[in-house]
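> One structure, as structure tokens, below. Some questions next.
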Amino acid sequence: MLTSSADAGVLGRGRLPLLFLLLLVCSSCWLLPRCDARRTLAAAGAPATPIRAVNLGGWLLTEGWILPSLFDGIPNNDLLDGTQLQFKSVTQNKYLVADQGGGAAILADRVQASGWETFKLWRIDETTFNFRVFGNQFVGVNSTGGVVATATVPGPSETFQLVRRDSDKSRVRIRAPNGLFLQAKTMESVTADHSEDTDWGDDDPSVFVTNNVARLQGEYQICNGYGIAQATQVLRNHWSTYITENDFSFIASSGLNAVRIPVGWWIASDPNPPLPFVGGSLQALDNAFSWAEKYNLGVIVDLHAAPGSQNPYEHSATRDGSQEWGNSDANIAQTVRVIDFLANRYANSPSLLAIELLNEPWAPGATLPSLKKYYKNGYKAVRRHTSTAYVIMSNRLSISDPTELLQFAGGFSGAVLDVHYYNLFDSKFNSLTVDQNIDFVRNNRSADLAAVTNQNGRPLTFVGEWVAEWAVQGASMTDYQRFAQAQQDVYGRATFGWAYWTLKNVNNHWSMQWMIQNGYITLKN
Ligand SMILES: *[C@@H]1O[C@H](CO)[C@@H](O)[C@H](O)[C@H]1NC(C)=O
Ligand SMILES: *[C@@H]1O[C@H](CO)[C@@H](O)[C@H](O)[C@H]1NC(C)=O
């Protein structure tokens with residue numbers, strides 16, 4: 001009753017009529033259980049209708065796994081920024097190593113490869129790279145031709161060419177800035193003095209076999225991989241075709257009432273963001289707002305990639321997995337300016353439901369003091385432009401105490417705490433059966449959510465990402481339906497609402513569109 005009679009207030013705006021409506025509703029249901037809790041929530045400004053949203057992942061912020069074909073046109077697209085390579089000398093049969101993680105000579109004496117034997121690429125062009133070692137220094141050639149990992153900033157001496165064998169791309173040679181090739185003469189001596197000649201044989205000390213052990217496919221990688229001219233073409237085409245008005249129509253007609261849209265910090269410098277990022281995503285976000293207005297959907301603008309990157313994942317637009325967000329006041333102030341820009345631009349849209357200050361800050365790199373400082377200033381920036389938009393603050397990832405922000409966030413009116421619940425990304429889920437997964441949602445997740453949900457609505461709670469996917473192999477359609485329904489039931493208790501990850505995805509269960517169209521997910525009103 002509460003939900004159906006309050007349709008007009010889906011977006012939680014227009015406080016006066018909404019309050020009036022809620023008074024009417026509550027006065028007629030005061031004998032019902034939970035009515036008190038609901039009245040307190042209403043007083044705290046909870047959405048009149050709980051938010052049932054879908055994320056528009058992989059649209060304005062690239063994540064390769066959502067749509068891998070976006071990367072198809074990049075030459076050497078297995079050698080993007082952040083790709084991790086290990087090099088085994090064919091003559092020594094040992095791996096190159098930055099001993100102790102860096103700061104001294106590169107050796108060729110390791111039997112096994114792990115962190116110190118792994119080199120992260122910074123791509124200059126399709127064949128030219130810097131190599132970053134475990135301790136974050138860059139490999140370079142010193143004045144006497146020694147190969148060392150001492151530079152903290154890469155320059156010409158740290159710039160190498162990777163020459164791959166045509167018939168076997170994992171076999172490489174490394175051309176140094178002096179034009180000569182690196183060679184492992186002995187296990188203790190790696191030098192930049194081998195001639196160009198090679199037959200690629202196992203007796204050539206300048207030949208290495210690479211293991212490609214990790215990669216990133218985020219916005220940094222796609223932009224720098226294509227280069228600005230082609231990246232602009234590829235991404236503008238993607239932005240105008242991947243999500244269109246038809247999708248907003250589909251979302252509204254499916255019984256959802258909002259979208260959460262991940263964006264990167266450079267959207268605030270559109271149309272000429274700092275390299276390697278390219279302009280044009282702001283126009284797409286403008287379009288999203290006009291479609292949302294047309295179909296009466298709320299928009300949650302979600303700052304998913306902050307300057308310096310707030311987590312090591314590709315979706316924070318990190319270059320090589322390093323996380324530097326929040327390390328300085330200047331960086332926090334720069335991030336607040338992005339929020340100010342977004343709040344200013346969309347404050348007058350009736351579809352602006354919320355601004356999410358930061359997605360998935362990762363602990364311990366994102367410290368609690370810097371995060372609180374940012375949330376406080378980010379909240380103020382939103383409130384300079386709108387008194388009605390919700391302000392969403394994410395819990396940190398990899399923390400032991402999920403209530404660490406509860407009291408803090410409860411101090412801001414209209415604040416929402418975002419938690420992400422996946423039955424994935426942790427080995428404890430690997431062995432769970434279908435029923436164990438569902439029990440985990442109904443018992444453990446239910447308890448997790450209750451622990452961060454204050455019934456007075458301060459703060460409101462939001463399960464801003466979840467998915468009906470798991471580590472179970474060969475589950476049936478019915479299994480998936482039960483799993484999705486269990487999550488809808490439990491996350492439906494979040495006092496702000498939930499959002500599925502994501503609308504479209506080449507992996508069917510991760511695509512809410514596919515799940516709805518194929519009857520795996522049903523939204524009841
Ligand atoms: C260059 O590096 C090599 C290998 O570490 C070292 O032996 C040599 O002393 C270094 N030369 C200079 C000038 O630092
Ligand atoms: C779920 O909670 C129960 C009870 O606290 C606990 O024993 C169990 O280990 C939890 N399940 C998982 C998979 O963590």
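Residue numbering restarts at 1 in every chain; chains get A, B, ... in the order shown in the structure tokens, and ligands count up from 1 in that same order.
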Can I get the residues of chain A within 10 Å of ligand 2, each with the closest pair of atoms and their distance in Å to one decimal, using only C-alpha atoms and all ligand atoms, sorted chain first then ascending number, as CSV?

residue,atom,partner,partner_atom_place_in_ligand_line,distance
A:Asn423,CA,ligand 2,13 (C),9.1
A:Asp426,CA,ligand 2,13 (C),9.8
A:Ser427,CA,ligand 2,13 (C),9.6
A:Lys428,CA,ligand 2,13 (C),5.9
A:Phe429,CA,ligand 2,13 (C),6.5
A:Asn430,CA,ligand 2,13 (C),9.6
A:Ser431,CA,ligand 2,13 (C),9.2
A:Leu432,CA,ligand 2,13 (C),7.5
A:Gln436,CA,ligand 2,13 (C),7.8
A:Asn437,CA,ligand 2,13 (C),7.9
A:Asp439,CA,ligand 2,1 (C),8.2
A:Phe440,CA,ligand 2,1 (C),5.9
A:Val441,CA,ligand 2,1 (C),8.9
A:Arg442,CA,ligand 2,1 (C),9.6
A:Asn443,CA,ligand 2,1 (C),6.6
A:Asn444,CA,ligand 2,1 (C),4.8
A:Arg445,CA,ligand 2,1 (C),8.2
A:Ala447,CA,ligand 2,2 (O),8.6
A:Asp448,CA,ligand 2,2 (O),9.8
> Please give me, as a PyMOL selection string, the residues lying within 6 Å of ligand 1 when counting only C-alpha atoms and all ligand atoms.
chain A and resi 105+142-144+146-148
> Per DSSP on the backbone, filter range 326-510 of chain A down to the residues in strand (DSSP E) and report them as a list in words.
Leu352, Leu353, Ala354, Ile355, Glu356, Tyr390, Val391, Ile392, Met393, Ser394, Ala415, Val416, Leu417, Asp418, Val419, His420, Leu460, Thr461, Phe462, Val463, Gly464, Glu465, Trp466, Gly497, Trp498, Ala499 and Tyr500 of chain A
> Just the number, please: distance in Å from CA of Ala381 in chain A to CA of Arg260 in chain A, one decimal.
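Between CA of Ala381 in chain A and CA of Arg260 in chain A the gap works out to 19.6 Å.
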> Leaving out Gly492 in chain A and any residue of its chain fewer than 2 positions from it, which residues lie within 10 Å of it when counting only C-alpha atoms, given as a list of chain:residue names?
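Neighbouring residues, sequence-local ones excluded: A:Pro50, A:Ile51, A:Arg52, A:Phe462, A:Val463, A:Ala486, A:Gln487, A:Gln488, A:Asp489, A:Val490, A:Ala494, A:Thr495, A:Phe496, A:Gly497, A:Trp498.
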> By how many Å are CA of Val506 in chain A and CA of Val259 in chain A apart?
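It comes out at 19.4 Å.
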> Could you give me, as JSON, numbers by chain, the residues within 8 Å of Gly264 in chain A, counting only C-alpha atoms and dropping anything in the same chain fewer than 2 positions from it?
{"A": [60, 61, 262, 266, 267, 303, 304, 305, 306, 316, 317]}
> Nearest to Pro154 in chain A: which of A:Ile339, A:Val139, A:Val97, A:Ala389 is it, counting only C-alpha atoms?
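Between A:Ile339, A:Val139, A:Val97, A:Ala389, the residue approaching Pro154 in chain A most closely is A:Val139.
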> Fewer than 5 positions away in the same chain doesn't count, so skip those; otherwise give me all residues within 9 Å of Thr335 in chain A, counting only C-alpha atoms, as a list in words.
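Skipping anything fewer than 5 positions along the chain leaves Trp265, Ala306, Pro307, Trp325, Gly326, Ala330, Asp340, Leu357, Tyr374 and Gly378 of chain A.
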> Write a file of the selected residues as a PDB file, in the first residue's frame, keeping N, CA and C atoms.

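Output file out-v5.pdb follows:
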ATOM      1  N   TRP A 265      36.403  10.493 -13.160  1.00  0.00           N
ATOM      2  CA  TRP A 265      36.640  11.869 -12.723  1.00  0.00           C
ATOM      3  C   TRP A 265      36.868  12.838 -13.871  1.00  0.00           C
ATOM      4  N   ALA A 306      38.157   7.731  -9.249  1.00  0.00           N
ATOM      5  CA  ALA A 306      38.578   9.023  -8.710  1.00  0.00           C
ATOM      6  C   ALA A 306      40.035   9.281  -9.118  1.00  0.00           C
ATOM      7  N   PRO A 307      40.441  10.551  -9.129  1.00  0.00           N
ATOM      8  CA  PRO A 307      41.835  10.845  -9.499  1.00  0.00           C
ATOM      9  C   PRO A 307      42.809  10.103  -8.574  1.00  0.00           C
ATOM     10  N   TRP A 325      44.653   7.454  -4.588  1.00  0.00           N
ATOM     11  CA  TRP A 325      43.611   8.391  -4.199  1.00  0.00           C
ATOM     12  C   TRP A 325      43.685   8.675  -2.687  1.00  0.00           C
ATOM     13  N   GLY A 326      43.461   9.922  -2.307  1.00  0.00           N
ATOM     14  CA  GLY A 326      43.342  10.268  -0.894  1.00  0.00           C
ATOM     15  C   GLY A 326      44.673  10.500  -0.197  1.00  0.00           C
ATOM     16  N   ALA A 330      45.345  17.947  -1.701  1.00  0.00           N
ATOM     17  CA  ALA A 330      45.090  18.444  -3.060  1.00  0.00           C
ATOM     18  C   ALA A 330      44.280  17.422  -3.856  1.00  0.00           C
ATOM     19  N   ASP A 340      31.336  18.621  -7.165  1.00  0.00           N
ATOM     20  CA  ASP A 340      30.716  19.938  -7.291  1.00  0.00           C
ATOM     21  C   ASP A 340      30.229  20.164  -8.721  1.00  0.00           C
ATOM     22  N   LEU A 357      29.502   9.513  -3.860  1.00  0.00           N
ATOM     23  CA  LEU A 357      30.767  10.243  -3.790  1.00  0.00           C
ATOM     24  C   LEU A 357      31.959   9.431  -4.271  1.00  0.00           C
ATOM     25  N   TYR A 374      36.966  13.497   2.892  1.00  0.00           N
ATOM     26  CA  TYR A 374      36.400  13.626   1.553  1.00  0.00           C
ATOM     27  C   TYR A 374      34.866  13.558   1.579  1.00  0.00           C
ATOM     28  N   GLY A 378      32.648  16.380   0.210  1.00  0.00           N
ATOM     29  CA  GLY A 378      31.842  16.000  -0.951  1.00  0.00           C
ATOM     30  C   GLY A 378      30.358  16.219  -0.671  1.00  0.00           C
TER      31      GLY A 378
END
> With distances taken over only C-alpha atoms, which of A:Ala149, A:Ala231, A:Leu107, A:Ala214 is nearest to Met187 in chain A?
A:Leu107
> Could you check the closest approach to Asn359 in chain A for each of A:Thr318, A:Ser240, A:Asn344, A:Ser309 and tell me which residue wins, using only C-alpha atoms?
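Of A:Thr318, A:Ser240, A:Asn344, A:Ser309, the one nearest Asn359 in chain A, counting only C-alpha atoms, is A:Ser309.
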> Can you work out the spacing between CA of Met393 in chain A and CA of Val467 in chain A in Å, to one decimal?
20.4 Å
> With only C-alpha atoms as the atoms that count, which of A:Phe134, A:Thr127, A:Asp270, A:Lys376 lies nearest to Val338 in chain A?
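Closest to Val338 in chain A, using only C-alpha atoms: A:Asp270.
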